[in-house]
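The file query-v6.csv contains CSV, C-alpha atoms and all ligand atoms:
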chain,number,residue,atom,x,y,z
A,1218,MET,CA,64.5,99.7,-52.0
A,1219,THR,CA,65.4,96.1,-51.6
A,1220,ASP,CA,67.7,96.7,-48.6
A,1221,ILE,CA,65.0,98.6,-46.8
A,1222,ILE,CA,62.8,95.5,-47.0
A,1223,THR,CA,65.4,92.9,-46.4
A,1224,GLN,CA,67.1,94.6,-43.5
A,1225,GLN,CA,64.1,93.8,-41.4
A,1226,ALA,CA,65.5,90.2,-41.1
A,1227,THR,CA,65.8,89.6,-37.4
A,1228,ALA,CA,67.8,87.0,-35.5
A,1229,ALA,CA,64.5,85.4,-34.4
A,1230,GLU,CA,63.2,85.1,-38.0
A,1231,SER,CA,66.4,83.8,-39.7
A,1232,GLY,CA,67.0,81.6,-36.6
A,1233,ALA,CA,63.5,80.1,-36.8
A,1234,ALA,CA,63.9,79.4,-40.5
A,1235,ALA,CA,67.3,77.8,-40.0
A,1236,THR,CA,66.0,75.7,-37.2
A,1237,GLU,CA,63.0,74.5,-39.3
A,1238,ARG,CA,65.3,73.7,-42.2
A,1239,PHE,CA,67.7,71.7,-40.0
A,1240,ARG,CA,64.8,69.7,-38.5
A,1241,SER,CA,63.5,68.8,-41.9
A,1242,LYS,CA,66.8,67.3,-43.2
A,1243,GLN,CA,67.6,63.7,-42.9
A,1244,ARG,CA,70.9,63.7,-41.0
A,1245,ARG,CA,69.7,62.0,-37.9
A,1246,GLU,CA,72.9,59.9,-37.1
A,1247,SER,CA,73.1,61.3,-33.5
A,1248,ALA,CA,70.0,59.2,-32.6
A,1249,GLU,CA,72.0,56.1,-33.4
A,1250,ALA,CA,75.3,57.0,-31.6
A,1251,ASP,CA,76.3,54.1,-29.3
A,1252,THR,CA,76.4,54.4,-25.5
A,1253,GLN,CA,80.2,54.1,-25.3
A,1254,ARG,CA,80.7,57.0,-27.7
A,1255,VAL,CA,78.2,59.2,-26.0
A,1256,ASP,CA,79.8,58.5,-22.6
A,1257,THR,CA,83.3,59.3,-24.0
A,1258,LEU,CA,82.4,62.5,-25.8
A,1259,VAL,CA,80.1,64.0,-23.2
A,1260,THR,CA,82.5,63.1,-20.3
A,1261,GLU,CA,85.4,64.7,-22.1
A,1262,LEU,CA,83.4,67.8,-23.0
A,1263,LEU,CA,82.2,68.2,-19.3
A,1264,THR,CA,85.7,67.6,-18.0
A,1265,ALA,CA,87.1,70.3,-20.3
A,1266,ALA,CA,84.4,72.7,-18.9
A,1267,HIS,CA,85.1,71.8,-15.3
A,1268,ASP,CA,88.8,72.4,-16.0
A,1269,ILE,CA,88.1,75.9,-17.4
A,1270,ILE,CA,85.9,76.7,-14.4
A,1271,ARG,CA,88.6,75.8,-12.0
A,1272,ARG,CA,91.5,77.4,-13.9
A,1273,HIS,CA,89.7,80.7,-14.3
A,1274,LYS,CA,87.8,80.6,-11.0
A,1275,VAL,CA,84.5,81.1,-12.7
A,1276,THR,CA,82.0,82.9,-10.3
A,1277,TYR,CA,78.3,82.2,-9.6
A,1278,ALA,CA,77.5,85.5,-11.4
A,1279,GLU,CA,79.3,84.2,-14.5
A,1280,TYR,CA,77.7,80.8,-14.2
A,1281,ASP,CA,74.3,82.5,-14.1
A,1282,ALA,CA,75.1,84.7,-17.0
A,1283,LEU,CA,76.0,81.6,-19.0
A,1284,LYS,CA,72.9,79.8,-18.0
A,1285,SER,CA,70.7,82.7,-18.9
A,1286,TRP,CA,72.5,83.1,-22.3
A,1287,LEU,CA,72.1,79.4,-23.1
A,1288,ILE,CA,68.4,79.5,-22.4
A,1289,GLN,CA,68.1,82.6,-24.6
A,1290,VAL,CA,70.0,81.0,-27.6
A,1291,GLY,CA,67.2,78.4,-27.6
A,1292,GLU,CA,64.5,80.9,-27.3
A,1293,ASP,CA,66.0,83.0,-30.2
A,1294,GLY,CA,66.2,79.8,-32.3
A,1295,GLU,CA,69.9,80.5,-32.8
A,1296,TRP,CA,71.4,77.1,-32.1
A,1297,PRO,CA,71.9,76.3,-35.8
A,1298,LEU,CA,73.7,79.6,-36.3
A,1299,PHE,CA,75.8,79.3,-33.2
A,1300,LEU,CA,76.9,75.7,-34.0
A,1301,ASP,CA,77.6,76.4,-37.7
A,1302,VAL,CA,79.7,79.5,-36.9
A,1303,TRP,CA,81.8,78.2,-34.0
A,1304,LEU,CA,81.9,74.4,-34.2
A,1305,GLU,CA,81.1,73.1,-37.7
A,1306,HIS,CA,84.6,73.9,-39.2
A,1307,ALA,CA,86.2,71.4,-36.8
A,1308,VAL,CA,83.7,68.7,-37.8
A,1309,GLU,CA,84.2,69.4,-41.5
A,1310,GLU,CA,88.0,69.2,-41.0
A,1311,VAL,CA,87.6,65.7,-39.5
A,1312,ALA,CA,85.1,64.6,-42.2
A,1313,GLY,CA,87.4,65.9,-45.1
A,1314,LYS,CA,90.6,64.2,-43.9
A,1315,GLY,CA,91.9,61.8,-46.5
A,1316,ARG,CA,90.1,63.2,-49.5
A,1317,ASP,CA,92.3,64.0,-52.5
A,1318,GLY,CA,89.8,66.1,-54.5
A,1319,SER,CA,88.6,69.7,-54.0
A,1320,LYS,CA,88.7,71.0,-50.5
A,1321,GLY,CA,85.4,71.3,-48.7
A,1322,THR,CA,84.3,73.6,-45.9
A,1323,ILE,CA,81.2,74.2,-43.8
A,1324,GLU,CA,77.7,74.0,-45.1
A,1325,GLY,CA,76.3,76.7,-42.8
A,1326,PRO,CA,72.6,77.0,-41.9
A,1327,TYR,CA,71.2,78.4,-45.2
A,1328,TYR,CA,71.3,75.5,-47.7
A,1329,VAL,CA,67.9,74.6,-49.1
A,1330,PRO,CA,67.6,71.4,-51.2
A,1331,GLY,CA,65.5,71.4,-54.4
A,1332,SER,CA,66.5,74.6,-56.0
A,1333,PRO,CA,65.5,75.1,-59.7
A,1334,GLN,CA,67.3,72.8,-62.1
A,1335,LEU,CA,69.3,74.8,-64.6
A,1336,PRO,CA,71.3,73.9,-67.8
A,1337,ALA,CA,75.1,74.0,-67.9
A,1338,GLU,CA,75.2,77.6,-69.1
A,1339,THR,CA,72.8,79.6,-67.1
A,1340,THR,CA,71.9,82.6,-65.1
A,1341,LEU,CA,70.8,82.1,-61.5
A,1342,PRO,CA,67.3,83.2,-60.5
A,1343,THR,CA,67.6,87.0,-59.8
A,1344,ARG,CA,65.3,89.9,-59.3
A,1345,GLU,CA,64.8,92.1,-62.4
A,1346,ASP,CA,66.7,94.9,-60.7
A,1347,GLU,CA,69.2,92.7,-58.9
A,1348,ALA,CA,72.0,95.0,-57.6
A,1349,GLY,CA,75.7,94.3,-57.6
A,1350,THR,CA,78.6,93.4,-59.9
A,1351,PRO,CA,77.8,90.7,-62.4
A,1352,LEU,CA,80.0,87.6,-61.8
A,1353,LEU,CA,80.6,84.8,-64.3
A,1354,PHE,CA,81.6,81.6,-62.4
A,1355,GLN,CA,82.6,78.8,-64.7
A,1356,GLY,CA,84.6,75.6,-64.5
A,1357,GLN,CA,84.8,71.9,-65.0
A,1358,VAL,CA,84.0,68.9,-62.8
A,1359,THR,CA,86.5,66.0,-63.1
A,1360,ASP,CA,87.6,62.8,-61.3
A,1361,VAL,CA,90.9,62.9,-59.4
A,1362,ASP,CA,92.6,61.5,-62.5
A,1363,GLY,CA,91.3,64.4,-64.6
A,1364,THR,CA,88.5,62.5,-66.3
A,1365,PRO,CA,85.6,64.8,-67.0
A,1366,LEU,CA,82.4,63.9,-65.1
A,1367,PRO,CA,79.4,64.4,-67.6
A,1368,GLY,CA,76.2,65.5,-66.0
A,1369,ALA,CA,77.9,66.5,-62.7
A,1370,ILE,CA,75.6,68.5,-60.5
A,1371,VAL,CA,76.7,71.9,-59.2
A,1372,GLU,CA,74.3,73.3,-56.5
A,1373,ILE,CA,75.0,76.9,-55.7
A,1374,TRP,CA,73.5,79.3,-53.3
A,1375,HIS,CA,74.7,82.6,-52.0
A,1376,ALA,CA,73.8,86.0,-50.4
A,1377,ASP,CA,72.9,89.0,-52.5
A,1378,SER,CA,74.8,92.2,-52.7
A,1379,ASP,CA,73.4,93.3,-49.3
A,1380,GLY,CA,74.5,90.0,-47.7
A,1381,PHE,CA,71.0,88.4,-47.5
A,1382,TYR,CA,69.9,84.8,-48.3
A,1383,SER,CA,66.6,84.1,-50.0
A,1384,GLN,CA,64.2,82.1,-47.7
A,1385,PHE,CA,66.0,83.5,-44.6
A,1386,ALA,CA,65.4,87.2,-45.0
A,1387,PRO,CA,62.0,88.7,-45.9
A,1388,GLY,CA,61.3,90.3,-49.2
A,1389,LEU,CA,63.4,88.1,-51.5
A,1390,PRO,CA,61.9,85.8,-54.2
A,1391,GLU,CA,62.0,82.1,-53.0
A,1392,TRP,CA,64.9,80.9,-55.0
A,1393,ASN,CA,66.8,84.1,-55.5
A,1394,LEU,CA,70.5,83.3,-56.2
A,1395,ARG,CA,70.0,79.6,-55.7
A,1396,GLY,CA,70.2,76.9,-58.4
A,1397,THR,CA,71.0,73.3,-59.3
A,1398,VAL,CA,73.2,73.4,-62.4
A,1399,ILE,CA,73.6,70.3,-64.5
A,1400,ALA,CA,77.0,70.3,-66.1
A,1401,ASP,CA,77.4,69.3,-69.8
A,1402,GLU,CA,78.9,66.2,-71.3
A,1403,GLN,CA,82.4,67.4,-70.5
A,1404,GLY,CA,81.5,68.3,-66.9
A,1405,ASN,CA,81.6,72.0,-67.8
A,1406,PHE,CA,79.4,74.7,-66.2
A,1407,LYS,CA,79.0,78.5,-66.8
A,1408,ILE,CA,77.0,80.3,-64.2
A,1409,HIS,CA,76.0,84.0,-64.5
A,1410,THR,CA,75.3,85.6,-61.1
A,1411,PHE,CA,76.1,88.6,-59.0
A,1412,GLN,CA,79.0,89.2,-56.6
A,1413,PRO,CA,77.7,88.5,-53.0
A,1414,ALA,CA,78.6,90.9,-50.2
A,1415,PRO,CA,80.2,89.9,-46.9
A,1416,TYR,CA,77.6,88.3,-44.5
A,1417,GLN,CA,77.0,89.7,-41.1
A,1418,ILE,CA,75.5,87.1,-38.7
A,1419,PRO,CA,72.4,88.5,-37.0
A,1420,THR,CA,73.5,91.0,-34.2
A,1421,ASP,CA,70.1,91.4,-32.5
A,1422,GLY,CA,70.0,87.9,-30.9
A,1423,SER,CA,72.1,85.9,-28.5
A,1424,CYS,CA,75.0,85.3,-30.9
A,1425,GLY,CA,75.1,89.0,-31.4
A,1426,ARG,CA,75.2,89.5,-27.6
A,1427,LEU,CA,78.1,87.1,-27.2
A,1428,ILE,CA,80.0,88.8,-30.0
A,1429,THR,CA,79.5,92.2,-28.4
A,1430,ALA,CA,80.4,90.9,-24.9
A,1431,ALA,CA,83.6,89.3,-26.2
A,1432,GLY,CA,84.6,92.3,-28.4
A,1433,TRP,CA,84.6,90.2,-31.6
A,1434,HIS,CA,83.2,91.2,-35.1
A,1435,ALA,CA,80.2,89.5,-36.6
A,1436,TRP,CA,81.3,89.0,-40.2
A,1437,ARG,CA,82.0,86.3,-42.7
A,1438,PRO,CA,83.8,87.2,-45.9
A,1439,ALA,CA,81.7,87.3,-49.2
A,1440,HIS,CA,81.3,83.7,-50.4
A,1441,LEU,CA,79.6,81.3,-52.8
A,1442,HIS,CA,78.2,78.1,-51.3
A,1443,LEU,CA,78.4,74.9,-53.4
A,1444,LYS,CA,77.6,71.2,-53.3
A,1445,VAL,CA,79.2,69.4,-56.2
A,1446,SER,CA,78.4,65.8,-57.0
A,1447,ALA,CA,78.4,63.1,-59.7
A,1448,PRO,CA,77.4,59.5,-59.9
A,1449,ALA,CA,79.8,57.1,-58.1
A,1450,HIS,CA,81.7,60.1,-56.6
A,1451,GLN,CA,81.8,61.8,-53.2
A,1452,LEU,CA,79.8,64.9,-52.9
A,1453,VAL,CA,81.8,67.9,-51.8
A,1454,THR,CA,80.2,70.8,-49.8
A,1455,THR,CA,82.3,73.9,-50.0
A,1456,GLN,CA,82.5,77.7,-50.2
A,1457,LEU,CA,84.6,80.0,-52.4
A,1458,TYR,CA,85.8,83.4,-51.3
A,1459,PHE,CA,87.3,86.4,-53.1
A,1460,GLU,CA,91.0,87.4,-52.9
A,1461,GLY,CA,91.5,90.7,-51.1
A,1462,GLY,CA,87.9,90.7,-49.8
A,1463,GLN,CA,87.0,92.0,-46.4
A,1464,TYR,CA,87.2,89.4,-43.6
A,1465,VAL,CA,88.9,86.8,-45.8
A,1466,THR,CA,91.6,86.6,-43.2
A,1467,GLU,CA,89.3,86.9,-40.2
A,1468,ASP,CA,86.2,84.9,-40.9
A,1469,ILE,CA,84.1,84.6,-37.7
A,1470,ALA,CA,83.2,81.0,-38.8
A,1471,SER,CA,86.9,80.0,-39.4
A,1472,ALA,CA,85.9,78.4,-42.7
A,1473,VAL,CA,88.3,79.9,-45.2
A,1474,LYS,CA,91.1,77.7,-46.7
A,1475,PRO,CA,93.7,79.1,-49.1
A,1476,GLU,CA,92.6,76.7,-51.8
A,1477,LEU,CA,89.1,78.2,-51.7
A,1478,VAL,CA,90.0,81.8,-52.5
A,1479,LEU,CA,89.1,83.0,-56.0
A,1480,ASP,CA,90.7,85.9,-57.9
A,1481,PRO,CA,88.2,87.0,-60.5
A,1482,ALA,CA,89.4,89.1,-63.5
A,1483,PRO,CA,87.4,91.9,-65.1
A,1484,ALA,CA,85.2,90.3,-67.9
A,1485,ALA,CA,86.5,91.1,-71.4
A,1486,ASP,CA,83.3,92.8,-72.4
A,1487,GLY,CA,83.4,95.1,-69.3
A,1488,SER,CA,80.3,93.5,-67.7
A,1489,GLY,CA,81.6,92.7,-64.2
A,1490,ARG,CA,84.0,89.9,-63.3
A,1491,LYS,CA,84.7,86.4,-64.3
A,1492,VAL,CA,86.5,83.5,-62.7
A,1493,THR,CA,87.2,79.8,-63.5
A,1494,TYR,CA,87.3,77.2,-60.7
A,1495,ASN,CA,87.5,73.4,-61.4
A,1496,PHE,CA,86.1,70.8,-59.0
A,1497,VAL,CA,87.8,67.5,-58.5
A,1498,LEU,CA,85.7,64.7,-56.9
A,1499,ASP,CA,87.0,61.6,-55.1
A,1500,LYS,CA,85.6,58.3,-56.0
A,1501,ALA,CA,82.8,57.1,-53.7
B,1,LIG,C1,76.4,81.2,-41.0
B,1,LIG,C2,76.0,81.9,-42.1
B,1,LIG,C3,76.6,81.6,-43.3
B,1,LIG,O1,76.2,82.2,-44.5
B,1,LIG,C4,77.5,80.6,-43.4
B,1,LIG,O2,78.1,80.4,-44.6
B,1,LIG,C5,77.9,80.0,-42.3
B,1,LIG,C6,77.3,80.2,-41.1
B,1,LIG,C7,75.7,81.5,-39.8
B,1,LIG,O3,75.0,82.5,-39.7
B,1,LIG,O4,75.7,80.7,-38.9
B,2,FE,FE,76.9,81.6,-46.1

Re-express the file's structure as structure tokens.
Amino acid sequence: MTDIITQQATAAESGAAATERFRSKQRRESAEADTQRVDTLVTELLTAAHDIIRRHKVTYAEYDALKSWLIQVGEDGEWPLFLDVWLEHAVEEVAGKGRDGSKGTIEGPYYVPGSPQLPAETTLPTREDEAGTPLLFQGQVTDVDGTPLPGAIVEIWHADSDGFYSQFAPGLPEWNLRGTVIADEQGNFKIHTFQPAPYQIPTDGSCGRLITAAGWHAWRPAHLHLKVSAPAHQLVTTQLYFEGGQYVTEDIASAVKPELVLDPAPAADGSGRKVTYNFVLDKA
């Protein structure tokens, strides 16, 4: 039943929701970029484009196809999706250089702040008949020198077993598979959830047209999204993947790093799978 409802998610709907979400967040640094920096970056970007046009002898037909596609990306509301799939990983790589703690990776377009606060041992909000393999995700948050960080905050969000995110696909409870978990006095957390499925970026919009035109696939490997933080420490935004899972070695968003691949074991009581992953935070 649930997939019949949720599969009606269209590029336009999830794009509009992702655009709205992006607009409401506070990261507005671009407005303050200095003239010199804008000049350098935009000139280099345009020069790279001119170079590609000359080297590949781009035709007017191709130029018009590009123009029409770019217009359509905006109309479909797919800029957040396009940018987070094909550019964000490079920005994250630059931002994460020099950190000693846990590896980060892209945030993607589906983070929503303010998810329900939950205790250190908890079950994420789920539907009564939530489908999929139960997953116990547990670990500890420490400083780079191994000191536990009491009261660390582990924000987690992920897709369901059909690959859909609450608030970005119709028919899902508002906070399904999203939570803000407060670790205990030792920085420990124990989160009961369900194994997510690989995520297919919407194929009925402009990004889908590009993927088809280029002969690519539209998939991201199954993943958990996390933001882990503690007072006086740097927040890390990351994702965790599953060993042997489909698309782990061919993520369309290029966001997988070897340190971020989990290898869950069968739970001792036979109820699904269980895995431990510890987070290490750099000092602020
Ligand atoms: C996109 C979706 C994700 O779930 C993600 O983690 C990264 C990017 C996207 O559709 O752009
Ligand atoms: Fe995601």

Exercise for the section: Would you kindly return, as a count of residues only, each protein, DNA or RNA residue with an atom no farther than 10 Å from any atom of Tyr1464 of chain A, considering all atoms listed in the file and excluding same-chain residues fewer than 4 positions away? Expected result: 13

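Distances from A:Phe1299, A:Phe1385, A:Tyr1327, A:Phe1239 to ligand FE 2 (chain B) were compared using only C-alpha atoms and all ligand atoms, and the smallest one belongs to A:Tyr1327.
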
Cut-off 6 Å, all atoms listed in the file, neighbours of ligand LIG 1 (chain B) as a PDB file with C-alpha atoms, in the frame of the given file:
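The result, stored in part-v1.pdb:
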ATOM      1  CA  LEU A1298      73.700  79.600 -36.300  1.00  0.00           C
ATOM      2  CA  PHE A1299      75.800  79.300 -33.200  1.00  0.00           C
ATOM      3  CA  ASP A1301      77.600  76.400 -37.700  1.00  0.00           C
ATOM      4  CA  VAL A1302      79.700  79.500 -36.900  1.00  0.00           C
ATOM      5  CA  GLY A1325      76.300  76.700 -42.800  1.00  0.00           C
ATOM      6  CA  PRO A1326      72.600  77.000 -41.900  1.00  0.00           C
ATOM      7  CA  ILE A1418      75.500  87.100 -38.700  1.00  0.00           C
TER       8      ILE A1418
END

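Each of A:Glu1230, A:Glu1237, A:Asp1256, A:Glu1324 was compared to ligand FE 2 (chain B) using all atoms listed in the file, and A:Glu1324 turns out to be the nearest.
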
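Using all atoms listed in the file, the smallest distance between any of A:Ala1369, A:Gly1321, A:Phe1411, A:Arg1395 and Glu1347 of chain A comes from A:Phe1411.
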
Handout entry: Residue nearest Ala1482 of chain A among A:Arg1316, A:Val1465, A:Phe1354, A:Leu1457 (counting only C-alpha atoms)
Key = A:Phe1354

Which residues come within 9 Å of segment 1483-1488 of chain A, counting all atoms listed in the file, excluding same-chain residues fewer than 2 positions away, as a PDB file with C-alpha atoms, keeping the file's coordinate frame?
ATOM      1  CA  THR A1350      78.600  93.400 -59.900  1.00  0.00           C
ATOM      2  CA  PRO A1351      77.800  90.700 -62.400  1.00  0.00           C
ATOM      3  CA  LEU A1352      80.000  87.600 -61.800  1.00  0.00           C
ATOM      4  CA  LEU A1353      80.600  84.800 -64.300  1.00  0.00           C
ATOM      5  CA  PRO A1481      88.200  87.000 -60.500  1.00  0.00           C
ATOM      6  CA  ARG A1490      84.000  89.900 -63.300  1.00  0.00           C
ATOM      7  CA  LYS A1491      84.700  86.400 -64.300  1.00  0.00           C
ATOM      8  CA  VAL A1492      86.500  83.500 -62.700  1.00  0.00           C
TER       9      VAL A1492
END

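As for atom CA of Leu1300 of chain A and atom CA of Gln1384 of chain A, they are spaced 19.7 Å apart.
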
Exercise for the section: For segment 1401-1403 of chain A, work out the shell of residues within 6 Å, counting all atoms listed in the file and skipping chain neighbours fewer than 6 positions away, then give it as a count of residues only. Expected result: 4

Handout entry: Closest of A:Val1259, A:Ile1323, A:Leu1427, A:Val1453 to ligand FE 2 (chain B) - atom-to-atom distances counting only C-alpha atoms and all ligand atoms
Key = A:Ile1323

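Restricting the calculation to all atoms listed in the file, the smallest distance between ligand FE 2 (chain B) and any of A:Trp1433, A:Phe1496, A:Tyr1277, A:Phe1381 is found for A:Phe1381.
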
Exercise for the section: Find the residues near Arg1240 of chain A: any atom within 12 Å, counting all atoms listed in the file, skip ones fewer than 5 places away on the same chain, and give them as JSON, numbers by chain. Expected result: {"A": [1233, 1234, 1235, 1245, 1294, 1296, 1297, 1326]}

For Tyr1382 of chain A, please output as a short mmCIF file (atom, residue, chain, number, x, y, z; two decimals) with C-alpha atoms, in the frame of the given file all residues within 9 Å (counting all atoms listed in the file; exclusion window: fewer than 6 positions along the same chain).
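Written out: part09.cif:
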data_model
loop_
_atom_site.label_atom_id
_atom_site.label_comp_id
_atom_site.auth_asym_id
_atom_site.auth_seq_id
_atom_site.Cartn_x
_atom_site.Cartn_y
_atom_site.Cartn_z
CA TYR A 1327 71.20 78.40 -45.20
CA TRP A 1374 73.50 79.30 -53.30
CA HIS A 1375 74.70 82.60 -52.00
CA ALA A 1376 73.80 86.00 -50.40
CA LEU A 1389 63.40 88.10 -51.50
CA ASN A 1393 66.80 84.10 -55.50
CA LEU A 1394 70.50 83.30 -56.20
#

Practice task
Rounded to one decimal place, report the atom CA of Ala1470 of chain A-atom CA of Glu1295 of chain A distance in Å.
Solution key: 14.6 Å

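Atom pair atom CA of Val1308 of chain A / atom CA of Asp1251 of chain A: separated by 18.4 Å.
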
Exercise for the section: For the point (77.4, 72.1, -55.2) in the file's frame, write as a PyMOL selection string all residues with an atom no more than 6 Å away, counting all atoms listed in the file. Expected result: chain A and resi 1371-1373+1443-1445

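Taking all atoms listed in the file into account, the residues near (70.7, 85.9, -24.7), no farther than 10 Å, are A:Ala1282, A:Leu1283, A:Lys1284, A:Ser1285, A:Trp1286, A:Leu1287, A:Ile1288, A:Gln1289, A:Val1290, A:Gly1291, A:Glu1292, A:Asp1293, A:Glu1295, A:Asp1421, A:Gly1422, A:Ser1423, A:Cys1424, A:Gly1425, A:Arg1426, A:Leu1427.
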